[in-house]
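Colleague: Contents of final-v7.tsv (TSV, C-alpha atoms and all ligand atoms):
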chain	number	residue	atom	x	y	z
D	1	MET	CA	12.50	11.48	-0.35
D	2	LYS	CA	12.78	7.93	-1.77
D	3	ASN	CA	9.86	6.73	-3.92
D	4	PHE	CA	7.85	3.75	-2.72
D	5	ILE	CA	6.29	1.26	-5.15
D	6	ALA	CA	4.50	-1.84	-3.92
D	7	ALA	CA	2.84	-4.80	-5.64
D	8	ASN	CA	-0.38	-6.02	-4.07
D	9	TRP	CA	-0.88	-9.48	-5.52
D	10	LYS	CA	-4.12	-10.04	-3.59
D	11	MET	CA	-5.30	-13.68	-3.94
D	12	ASN	CA	-3.04	-14.48	-6.87
D	13	LYS	CA	0.03	-16.67	-7.50
D	14	THR	CA	1.00	-20.12	-6.29
D	15	ILE	CA	4.42	-20.78	-4.79
D	16	GLY	CA	5.73	-21.82	-8.21
D	17	GLU	CA	4.32	-18.70	-9.90
D	18	THR	CA	5.83	-16.52	-7.18
D	19	ARG	CA	9.29	-17.96	-7.77
D	20	GLU	CA	8.90	-17.67	-11.54
D	21	PHE	CA	7.81	-14.01	-11.30
D	22	LEU	CA	10.66	-13.01	-8.99
D	23	ARG	CA	13.35	-14.77	-11.04
D	24	SER	CA	12.27	-12.79	-14.06
D	25	PHE	CA	11.54	-9.49	-12.25
D	26	ILE	CA	14.62	-9.10	-10.02
D	27	PRO	CA	17.18	-8.65	-12.85
D	28	ASN	CA	14.99	-5.85	-14.33
D	29	VAL	CA	15.05	-3.77	-11.15
D	30	LYS	CA	18.37	-4.63	-9.56
D	31	ASP	CA	19.88	-1.22	-10.36
D	32	VAL	CA	16.97	0.82	-8.99
D	33	LYS	CA	18.30	2.88	-6.10
D	34	ASP	CA	15.86	5.71	-5.46
D	35	THR	CA	12.71	3.62	-5.03
D	36	ASP	CA	11.74	1.21	-2.28
D	37	ILE	CA	10.32	-1.88	-4.02
D	38	VAL	CA	7.92	-4.01	-2.03
D	39	ILE	CA	6.05	-7.19	-2.98
D	40	ALA	CA	2.94	-8.34	-1.09
D	41	PRO	CA	2.32	-11.98	-2.02
D	42	PRO	CA	-0.38	-14.18	-0.47
D	43	PHE	CA	0.65	-15.78	2.85
D	44	THR	CA	1.22	-19.19	1.27
D	45	SER	CA	3.96	-17.77	-0.99
D	46	MET	CA	5.67	-15.66	1.65
D	47	SER	CA	8.39	-18.11	2.53
D	48	ALA	CA	9.28	-18.80	-1.13
D	49	ALA	CA	9.31	-15.05	-1.83
D	50	ALA	CA	11.57	-14.45	1.18
D	51	GLN	CA	14.06	-16.98	-0.19
D	52	GLU	CA	13.98	-15.50	-3.71
D	53	ILE	CA	14.53	-11.88	-2.64
D	54	LYS	CA	17.36	-12.57	-0.18
D	55	GLY	CA	20.27	-10.21	-0.88
D	56	THR	CA	18.26	-8.08	-3.35
D	57	ASN	CA	16.76	-4.56	-3.14
D	58	LEU	CA	13.23	-5.97	-2.75
D	59	ARG	CA	11.25	-6.17	0.45
D	60	LEU	CA	8.20	-8.11	1.52
D	61	SER	CA	4.83	-7.01	2.76
D	62	ALA	CA	1.84	-8.92	4.09
D	63	GLN	CA	-1.63	-8.04	2.82
D	64	ASP	CA	-3.23	-8.20	6.26
D	65	ILE	CA	-2.49	-8.73	9.94
D	66	PHE	CA	-4.31	-9.59	13.17
D	67	TRP	CA	-3.81	-7.49	16.29
D	68	GLU	CA	-3.30	-10.20	18.91
D	69	GLU	CA	0.07	-11.88	19.41
D	70	LYS	CA	-1.12	-15.49	19.80
D	71	GLY	CA	-4.04	-17.61	20.91
D	72	ALA	CA	-7.39	-18.98	19.83
D	73	TYR	CA	-7.98	-16.94	16.67
D	74	THR	CA	-8.53	-19.54	13.97
D	75	GLY	CA	-7.21	-18.44	10.60
D	76	GLU	CA	-5.44	-15.30	11.81
D	77	ILE	CA	-1.75	-14.36	11.60
D	78	SER	CA	0.01	-12.28	14.25
D	79	PRO	CA	2.41	-9.33	13.83
D	80	SER	CA	5.42	-11.28	15.09
D	81	MET	CA	4.60	-14.18	12.73
D	82	LEU	CA	4.83	-11.73	9.84
D	83	VAL	CA	8.21	-10.48	11.03
D	84	ASP	CA	9.34	-14.08	11.46
D	85	ALA	CA	8.25	-14.84	7.87
D	86	GLY	CA	10.45	-12.02	6.55
D	87	CYS	CA	7.95	-9.17	6.16
D	88	SER	CA	9.09	-5.59	6.66
D	89	HIS	CA	5.68	-4.10	5.82
D	90	VAL	CA	1.98	-4.78	5.99
D	91	ILE	CA	-0.97	-3.39	4.01
D	92	ILE	CA	-3.73	-2.22	6.36
D	93	GLY	CA	-7.14	-0.78	5.55
D	94	HIS	CA	-7.35	-1.93	1.93
D	95	SER	CA	-10.80	-1.18	0.55
D	96	GLU	CA	-11.39	-4.86	-0.25
D	97	ARG	CA	-10.95	-5.68	3.44
D	98	ARG	CA	-13.10	-2.74	4.46
D	99	GLN	CA	-15.79	-3.85	1.98
D	100	TYR	CA	-15.80	-7.66	2.19
D	101	PHE	CA	-14.63	-8.18	5.76
D	102	ARG	CA	-16.24	-5.18	7.41
D	103	GLU	CA	-13.00	-3.68	8.62
D	104	GLU	CA	-14.02	-0.34	9.97
D	105	ASP	CA	-11.76	2.52	11.04
D	106	VAL	CA	-11.56	1.23	14.63
D	107	ILE	CA	-10.34	-2.20	13.46
D	108	VAL	CA	-7.91	-0.55	11.05
D	109	ASN	CA	-6.51	1.51	13.93
D	110	ARG	CA	-6.13	-1.57	16.11
D	111	LYS	CA	-4.24	-3.38	13.34
D	112	ILE	CA	-2.02	-0.34	12.73
D	113	LYS	CA	-1.06	-0.15	16.42
D	114	ALA	CA	-0.24	-3.88	16.52
D	115	ALA	CA	1.86	-3.66	13.35
D	116	LYS	CA	3.82	-0.69	14.69
D	117	LYS	CA	4.48	-2.44	17.99
D	118	ALA	CA	6.06	-5.30	16.02
D	119	GLY	CA	8.24	-2.84	14.06
D	120	LEU	CA	6.46	-3.33	10.74
D	121	GLY	CA	6.23	-0.52	8.20
D	122	LEU	CA	2.69	0.46	7.28
D	123	ILE	CA	1.03	0.76	3.90
D	124	PHE	CA	-2.13	2.40	5.18
D	125	CYS	CA	-4.91	2.53	2.55
D	126	ILE	CA	-7.67	5.09	2.35
D	127	GLY	CA	-10.06	6.19	-0.39
D	128	GLU	CA	-13.59	7.14	-1.30
D	129	SER	CA	-16.23	5.19	-3.21
D	130	LEU	CA	-17.79	6.49	-6.43
D	131	GLU	CA	-20.97	7.34	-4.53
D	132	GLU	CA	-19.01	9.37	-1.99
D	133	ARG	CA	-17.09	11.20	-4.72
D	134	GLU	CA	-20.26	12.04	-6.62
D	135	ALA	CA	-21.87	13.31	-3.42
D	136	GLY	CA	-18.91	15.66	-2.89
D	137	LYS	CA	-17.77	13.77	0.21
D	138	THR	CA	-14.28	12.73	-0.89
D	139	LEU	CA	-12.34	15.01	1.45
D	140	ASP	CA	-14.59	14.23	4.44
D	141	VAL	CA	-14.06	10.49	3.94
D	142	ILE	CA	-10.31	10.95	3.59
D	143	LYS	CA	-10.13	13.08	6.73
D	144	ARG	CA	-12.14	10.58	8.77
D	145	GLU	CA	-10.12	7.59	7.56
D	146	VAL	CA	-6.77	9.28	8.22
D	147	GLU	CA	-7.69	10.66	11.64
D	148	MET	CA	-9.36	7.50	12.90
D	149	GLY	CA	-6.85	5.08	11.38
D	150	LEU	CA	-3.89	6.98	12.77
D	151	ALA	CA	-5.36	7.88	16.20
D	152	GLU	CA	-2.58	7.61	18.83
D	153	VAL	CA	-0.10	6.43	16.21
D	154	ASP	CA	3.24	8.10	15.44
D	155	SER	CA	4.44	8.84	11.93
D	156	ASP	CA	7.51	6.57	11.80
D	157	ASN	CA	7.71	4.11	8.93
D	158	LEU	CA	4.33	5.18	7.60
D	159	VAL	CA	3.26	5.12	3.96
D	160	VAL	CA	-0.25	6.35	3.13
D	161	ALA	CA	-1.86	4.89	0.00
D	162	TYR	CA	-4.63	6.93	-1.59
D	163	GLU	CA	-6.79	4.43	-3.44
D	164	PRO	CA	-10.06	5.78	-4.83
D	165	ILE	CA	-12.27	2.68	-4.69
D	166	TRP	CA	-13.83	3.46	-8.07
D	167	ALA	CA	-10.37	3.18	-9.65
D	168	ILE	CA	-9.32	-0.16	-8.12
D	169	GLY	CA	-9.31	-2.98	-10.63
D	170	THR	CA	-11.66	-1.04	-12.91
D	171	GLY	CA	-9.23	0.34	-15.48
D	172	LYS	CA	-10.45	3.85	-14.48
D	173	THR	CA	-7.42	5.69	-13.17
D	174	ALA	CA	-7.81	8.97	-11.33
D	175	THR	CA	-6.60	11.84	-13.49
D	176	THR	CA	-3.32	13.37	-12.40
D	177	GLU	CA	-5.30	16.41	-11.16
D	178	GLN	CA	-7.67	14.26	-9.09
D	179	ALA	CA	-4.74	12.34	-7.59
D	180	GLN	CA	-2.69	15.47	-6.89
D	181	ASP	CA	-5.65	17.29	-5.28
D	182	VAL	CA	-6.36	14.49	-2.82
D	183	HIS	CA	-2.66	13.83	-2.13
D	184	ALA	CA	-2.15	17.52	-1.32
D	185	TYR	CA	-5.13	17.36	1.04
D	186	ILE	CA	-3.75	14.22	2.74
D	187	ARG	CA	-0.41	16.01	3.14
D	188	LYS	CA	-2.25	18.86	4.86
D	189	ILE	CA	-4.03	16.55	7.32
D	190	LEU	CA	-0.77	14.74	8.05
D	191	HIS	CA	0.85	18.09	8.73
D	192	ASN	CA	-1.90	18.91	11.23
D	193	LEU	CA	-1.24	15.58	12.95
D	194	TYR	CA	2.54	15.41	12.87
D	195	GLY	CA	3.91	18.88	12.07
D	196	ASN	CA	7.19	18.93	10.16
D	197	LYS	CA	7.69	15.18	10.66
D	198	SER	CA	4.84	14.67	8.17
D	199	GLU	CA	7.16	15.72	5.35
D	200	GLU	CA	8.88	12.32	5.58
D	201	ILE	CA	5.66	10.38	4.98
D	202	ARG	CA	5.31	8.93	1.49
D	203	ILE	CA	1.82	9.31	-0.02
D	204	ILE	CA	1.37	6.80	-2.81
D	205	TYR	CA	-1.40	6.36	-5.40
D	206	GLY	CA	-3.31	3.13	-6.10
D	207	GLY	CA	-6.08	2.42	-8.59
D	208	SER	CA	-5.43	0.98	-12.06
D	209	ALA	CA	-1.83	2.25	-12.16
D	210	THR	CA	-0.18	0.82	-15.29
D	211	PRO	CA	2.98	1.26	-17.39
D	212	ASP	CA	0.94	3.72	-19.51
D	213	ASN	CA	-0.06	6.13	-16.76
D	214	ILE	CA	2.69	5.75	-14.16
D	215	ASP	CA	4.97	8.45	-15.59
D	216	GLY	CA	2.20	11.06	-15.44
D	217	LEU	CA	1.17	10.06	-11.92
D	218	MET	CA	4.74	10.16	-10.63
D	219	ALA	CA	5.15	13.65	-12.08
D	220	CYS	CA	2.59	15.00	-9.56
D	221	GLN	CA	4.22	16.91	-6.75
D	222	ASP	CA	2.60	14.97	-3.91
D	223	VAL	CA	2.62	11.48	-5.47
D	224	ASN	CA	5.56	9.64	-3.95
D	225	GLY	CA	4.91	6.19	-5.35
D	226	ALA	CA	2.26	3.63	-6.20
D	227	LEU	CA	0.40	0.62	-4.88
D	228	VAL	CA	-0.23	-1.62	-7.86
D	229	GLY	CA	-2.67	-4.53	-8.14
D	230	GLY	CA	-3.43	-5.94	-11.59
D	231	ALA	CA	-0.39	-4.47	-13.36
D	232	SER	CA	1.97	-5.96	-10.75
D	233	LEU	CA	1.20	-9.54	-11.73
D	234	LYS	CA	3.43	-9.60	-14.83
D	235	PRO	CA	7.17	-9.02	-14.39
D	236	GLU	CA	7.47	-6.88	-17.56
D	237	SER	CA	4.63	-4.60	-16.62
D	238	PHE	CA	5.62	-4.18	-12.97
D	239	SER	CA	9.28	-3.59	-13.82
D	240	ARG	CA	8.26	-0.82	-16.24
D	241	ILE	CA	6.28	0.76	-13.40
D	242	VAL	CA	9.21	0.53	-10.99
D	243	ASN	CA	11.47	2.00	-13.69
D	244	PHE	CA	9.05	4.92	-14.26
D	245	LYS	CA	10.32	8.08	-15.92
D	246	ARG	CA	9.45	11.41	-14.33
D	247	VAL	CA	7.97	13.49	-17.15
Z	1	LIG	C1	-5.03	-2.34	-5.21
Z	1	LIG	O1	-5.85	-3.22	-5.02
Z	1	LIG	O2	-4.32	-1.94	-4.27
Z	1	LIG	C2	-4.93	-1.79	-6.56
Z	1	LIG	C3	-4.43	-0.60	-6.69
Z	1	LIG	O3	-5.41	-2.56	-7.60
Z	1	LIG	P1	-5.39	-2.20	-9.18
Z	1	LIG	O4	-4.01	-1.68	-9.48
Z	1	LIG	O5	-5.65	-3.52	-9.86
Z	1	LIG	O6	-6.43	-1.20	-9.40
Take the structure in this file and express it as structure tokens.
Ligand code: PEP

Modeller:
Amino acid sequence: MKNFIAANWKMNKTIGETREFLRSFIPNVKDVKDTDIVIAPPFTSMSAAAQEIKGTNLRLSAQDIFWEEKGAYTGEISPSMLVDAGCSHVIIGHSERRQYFREEDVIVNRKIKAAKKAGLGLIFCIGESLEEREAGKTLDVIKREVEMGLAEVDSDNLVVAYEPIWAIGTGKTATTEQAQDVHAYIRKILHNLYGNKSEEIRIIYGGSATPDNIDGLMACQDVNGALVGGASLKPESFSRIVNFKRV
């Protein structure tokens, strides 16, 4: 199975900064063969990023999507617009969207179905809050998010990102044991849903992944990659992550 490492830039980087990052980053990762490398810039930088990565081993992801194809939806962007802009993937269900924009499981599922219909690969995010973890509800939350998000959805071109909310942008990474335990559980639920086909699904970790902890995380049996926020904003740091060493 190929590894999958994606940069979620969130609301960071102008067009100029996007070009500058990619011109410095691409030479550092051009020989990477066994990892899919995906960059998710803000919408305004998508076109510049698409030009910069042409002919390279990098691919583009959007950070969000709307489920309708066109019409009176001020501010929204449709699945086919993303494909037209050069995206191969889209992040859906990120905890920041669940938290600040009230995207519940039903909305997440609607977005997932629309993205799949357009042929986009999914980076489907799930994860528990600190409160839920401390109340012993982690596995229940994970089960609900997976089953509701993926209701009536096949497993093709699906990447599941486990992102404990308490680890996102906080500098508190899950321990390798915590990550492995939840990843193994996700693998089990995916197996219940998809049988043997589930073995092709990459389950990636997100939450304060850095050059210092990536090697340990990638050594876990069920960690097949990473979704990286803060540490993906500097070319040196993100290229070290992409060039991780399995310890
Ligand atoms: C994210 O937002 O997807 C993320 C993992 O952020 P960070 O790496 O900054 O915790």

Colleague: Please write out the residues within 10 Å of ligand LIG 1 (chain Z) as JSON, numbers by chain, counting all atoms listed in the file.

Modeller: {"D": [6, 7, 8, 9, 10, 63, 91, 94, 95, 96, 125, 161, 162, 163, 164, 165, 166, 167, 168, 169, 170, 171, 172, 173, 205, 206, 207, 208, 209, 210, 226, 227, 228, 229, 230, 231, 232, 233]}

Colleague: Excluding range 183-189 of chain D and residues on its chain fewer than 6 positions from it, collect all residues at most 10 Å away from it, counting only C-alpha atoms, and give them as number ranges by chain.

Modeller: D: 126, 139, 142-143, 146-147, 160-162, 177, 195, 198-199, 201-205, 220-224

Colleague: As an exercise, work out the distance from CA of Ile92 in chain D to CA of Ala115 in chain D in Å and give it to one decimal place.

Modeller: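 Between these atoms lies a distance of 9.1 Å.
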
Colleague: For a quick check of understanding, using only C-alpha atoms, which of D:Thr56, D:Thr35, D:Asn109, D:Ser129 has the smallest distance to Gly93 in chain D?

Modeller: D:Asn109

Colleague: I'd like the interatomic distance between CA of Val247 in chain D and CA of Leu217 in chain D, to a tenth of an Å.

Modeller: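 So the answer is 9.2 Å.
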
Colleague: Please, what distance in Å, to one decimal, runs between CA of Glu76 in chain D and CA of Gly16 in chain D?

Modeller: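 CA of Gly16 in chain D lies 23.8 Å from CA of Glu76 in chain D.
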
Colleague: When distances are computed from only C-alpha atoms, which of D:Ala135, D:Met81, D:Ile5, D:Leu58 shows the smallest separation from Phe25 in chain D?

Modeller: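 For Phe25 in chain D, the nearest of the given residues is D:Leu58.
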
Colleague: With distances taken over all atoms listed in the file, which of D:Glu236, D:Glu200, D:Glu52, D:Asp64 is nearest to Phe124 in chain D?

Modeller: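 Among D:Glu236, D:Glu200, D:Glu52, D:Asp64, it is D:Asp64 that comes nearest to Phe124 in chain D.
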
Colleague: Nearest to Gly216 in chain D among D:Pro79, D:Val90, D:Thr176, D:Val153, with distances taken over all atoms listed in the file: which residue is it?

Modeller: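 Of all the options, D:Thr176 lies closest to Gly216 in chain D.
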
Colleague: Considering all atoms listed in the file, state which residue in the set D:Ile112, D:Cys87, D:Val29, D:Leu190 is at the smallest distance from Phe66 in chain D.

Modeller: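 Distance minimum relative to Phe66 in chain D lands on D:Ile112.
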
Colleague: Using all atoms listed in the file, which residue out of D:Ile65, D:Leu122, D:Met148, D:Leu82 lies closest to Asp105 in chain D?

Modeller: D:Met148
